[in-house]
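Student: Once you've had a glance at the structure underneath, I'll fire off some questions.
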Amino acid sequence: MTKEIKTIGVLTSGGDAPGMNAAIRAVVRTAIARGLKVKGIKKGFQGLLNDEVVDMERKDVSDIIQKGGTILGTARSSEFKTEEGQKAGAEICKKNKIDGIVVIGGDGSYRGARALSKFGVNTIALPGTIDLDIACTDYTIGFDTAVNTAMQAIDKVKDTSSSHERCSIIEVMGRNAGYIALWCGVANGAEDILLPEYYDFNEQTIINNIIANRKKGKTHHLIINAEGIGHSTSMAKRIEAATGIETRATILGYMQRGGSPTAIDRYYASMMGAYAVDVLIKGHTNRVVGYKAGEFVDYDIDEALEMQKNIDEYQYEISKLL
């Protein structure tokens, strides 16, 4: 049996994502409303090892729901990947009388949460990643904002690309997952969408497509390239050499992580943060919160990490048709 929860901690880990502040706010305010104390842990698991732990009250999370990034900060920690580091983190939780902890981040953060659970700290993880690559949930905190930010930037590049009758390669984030690329490819009307899950690295197919479209009178050609494929600049040079059409690469980069979160990211992150607190109060540990079929749910972290997620084949086929 897990012990009664009196004090909970909250940290953000890995890459930042719009909506993390909404989740932090919900954790703090829900916990206080349930009669618990809350401690914020700065700079992720590395901050935990450095004992960067502060008390948090309702006022500490005022006026943050609309802000991008994370007020707690985030960092990656090689030390916490070791068993010694994980034991040290659990000891620091006990020193600060933290009975349970909410970890907001991606699958790497889940592994850190699982380690704390193994050493006696009740843990609940929230899916905070713009990549949408966590299999146990249909939604991840930050994806909606990131894809809308990318979409708006691509619209602007497409305008100038049309004016100059260029081919544009625009590289979007998503590590080895092609969800941002797929969504932007459809939403921005791209002629080619390159996804790590499906791309065969046959550039001749793209070149043939560009030439065929130019012969039909199309004045621009938009290629959305996923970060997991990369090499957009060198690809642009090869395409220009092969087609004779001016080709430019634009790498959107970290702008996709920032900015004020959308209503979806604010709302869902808030519900997930509150849900995580209530799962902890019930005495559960080693769980991850997800959103499936219109409901907020939770899974065992081990089960969640074993799940596989791939781009839906039908959606990919329709993206090519469009």
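Chain labels A, B, ... are given in the sequence in which chains occur in the structure tokens; within each chain residues are numbered consecutively from 1, and ligands are likewise numbered from 1 in the order shown.
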Compile the contact shell of segment 88-93 of chain A as a PyMOL selection string: residues with an atom at most 9 Å away, counting only C-alpha atoms, same-chain residues fewer than 5 positions apart removed.
Tutor: chain A and resi 9+45-46+48-51+80+83+98-101+115-117+119-121
Student: Looking only at helix (DSSP H, G or I) from DSSP on the backbone, list the matching residues of segment 220-276 of chain A as an MDAnalysis selection string.
Tutor: chainID A and resid 232:243 253:256 263:276
Student: Kindly save the residues from that selection, with C-alpha atoms included, as a compact mmCIF listing (two decimals), in the first residue's frame.
Tutor:
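File written: selection_21.txt
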```
# COMPACT_ATOMS: atom_id res chain seq x y z
CA SER A 232 17.17 20.25 -45.78
CA THR A 233 19.91 22.64 -46.92
CA SER A 234 21.89 20.02 -48.83
CA MET A 235 18.65 18.59 -50.24
CA ALA A 236 17.74 22.05 -51.56
CA LYS A 237 21.08 22.34 -53.36
CA ARG A 238 20.66 18.94 -55.01
CA ILE A 239 17.09 19.70 -56.12
CA GLU A 240 18.09 23.07 -57.58
CA ALA A 241 20.98 21.47 -59.47
CA ALA A 242 18.70 18.76 -60.87
CA THR A 243 15.71 20.96 -61.80
CA GLY A 253 13.69 25.19 -35.31
CA TYR A 254 12.93 26.14 -31.73
CA MET A 255 10.35 28.79 -32.55
CA GLN A 256 7.93 25.84 -32.59
CA ALA A 263 -6.90 27.06 -25.97
CA ILE A 264 -6.58 23.32 -26.53
CA ASP A 265 -3.16 23.17 -24.87
CA ARG A 266 -4.30 25.35 -21.97
CA TYR A 267 -7.48 23.34 -21.37
CA TYR A 268 -6.16 19.80 -21.80
CA ALA A 269 -2.97 20.50 -19.84
CA SER A 270 -5.07 21.93 -17.02
CA MET A 271 -7.31 18.87 -16.90
CA MET A 272 -4.31 16.54 -16.99
CA GLY A 273 -2.61 18.40 -14.15
CA ALA A 274 -5.70 18.19 -11.96
CA TYR A 275 -6.22 14.53 -12.89
CA ALA A 276 -2.63 13.70 -11.90
```
Student: Determine the nearest neighbour of Leu132 of chain A from the options A:Thr30, A:Asn310, A:Thr82, A:Gln315, counting only C-alpha atoms.
Tutor: A:Asn310
Student: Just checking: using only C-alpha atoms, which residue out of A:Asp55, A:Asp155, A:Glu197, A:Asp300 ends up closest to Ile124 of chain A?
Tutor: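 Using only C-alpha atoms, Ile124 of chain A sits closest to A:Asp300.
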Student: Leu36 of chain A: which residues within 12 Å, counting only C-alpha atoms, same-chain residues fewer than 6 positions away excluded, as a ChimeraX atom specification?
Tutor: /A:4-9,27-30,55-58,97-100,277-278,280-281
Student: Filtering to N, CA and C atoms, could you give me those residues as a short mmCIF file (atom, residue, chain, number, x, y, z; two decimals), in the first residue's frame?
Tutor:
```cif
data_model
loop_
_atom_site.label_atom_id
_atom_site.label_comp_id
_atom_site.auth_asym_id
_atom_site.auth_seq_id
_atom_site.Cartn_x
_atom_site.Cartn_y
_atom_site.Cartn_z
N GLU A 4 -0.18 7.76 2.75
CA GLU A 4 -1.03 8.91 2.52
C GLU A 4 -0.20 10.07 1.96
N ILE A 5 -0.77 10.75 0.98
CA ILE A 5 -0.09 11.88 0.35
C ILE A 5 -0.43 13.16 1.11
N LYS A 6 0.61 13.85 1.57
CA LYS A 6 0.42 15.14 2.24
C LYS A 6 1.10 16.28 1.49
N THR A 7 2.22 15.96 0.84
CA THR A 7 2.97 16.97 0.08
C THR A 7 3.34 16.39 -1.27
N ILE A 8 3.09 17.16 -2.33
CA ILE A 8 3.48 16.70 -3.66
C ILE A 8 4.46 17.68 -4.28
N GLY A 9 5.30 17.15 -5.14
CA GLY A 9 6.22 17.97 -5.91
C GLY A 9 5.80 17.98 -7.37
N VAL A 27 -1.80 21.60 -11.25
CA VAL A 27 -1.27 20.74 -10.18
C VAL A 27 -1.27 21.50 -8.86
N VAL A 28 -0.71 22.71 -8.88
CA VAL A 28 -0.60 23.50 -7.65
C VAL A 28 -1.97 23.82 -7.06
N ARG A 29 -2.86 24.33 -7.89
CA ARG A 29 -4.14 24.78 -7.35
C ARG A 29 -5.06 23.62 -6.97
N THR A 30 -5.01 22.53 -7.71
CA THR A 30 -5.82 21.36 -7.35
C THR A 30 -5.32 20.76 -6.05
N ASP A 55 8.72 26.05 -2.01
CA ASP A 55 7.30 25.96 -1.68
C ASP A 55 6.50 26.72 -2.73
N MET A 56 5.31 26.22 -3.05
CA MET A 56 4.45 26.88 -4.02
C MET A 56 3.06 27.09 -3.44
N GLU A 57 2.53 28.29 -3.66
CA GLU A 57 1.18 28.66 -3.25
C GLU A 57 0.37 29.05 -4.49
N ARG A 58 -0.92 29.26 -4.30
CA ARG A 58 -1.79 29.63 -5.42
C ARG A 58 -1.26 30.85 -6.18
N LYS A 97 10.15 16.04 2.37
CA LYS A 97 8.85 15.49 2.78
C LYS A 97 7.87 15.43 1.60
N ILE A 98 8.42 15.19 0.41
CA ILE A 98 7.59 15.03 -0.79
C ILE A 98 7.14 13.57 -0.87
N ASP A 99 5.83 13.35 -0.74
CA ASP A 99 5.28 11.99 -0.77
C ASP A 99 5.00 11.52 -2.19
N GLY A 100 4.64 12.46 -3.05
CA GLY A 100 4.33 12.13 -4.44
C GLY A 100 4.82 13.23 -5.35
N VAL A 277 -3.07 14.95 -9.87
CA VAL A 277 -3.16 15.12 -8.41
C VAL A 277 -4.16 14.14 -7.82
N ASP A 278 -5.31 14.00 -8.46
CA ASP A 278 -6.34 13.11 -7.93
C ASP A 278 -5.92 11.64 -8.00
N LEU A 280 -2.82 10.64 -7.63
CA LEU A 280 -1.89 10.51 -6.50
C LEU A 280 -2.64 10.37 -5.18
N ILE A 281 -3.66 11.18 -5.01
CA ILE A 281 -4.44 11.15 -3.76
C ILE A 281 -5.08 9.78 -3.55
#
```
Student: What is the atom CA of Gly230 of chain A to atom CA of Met20 of chain A distance in Å?
Tutor: 26.9 Å
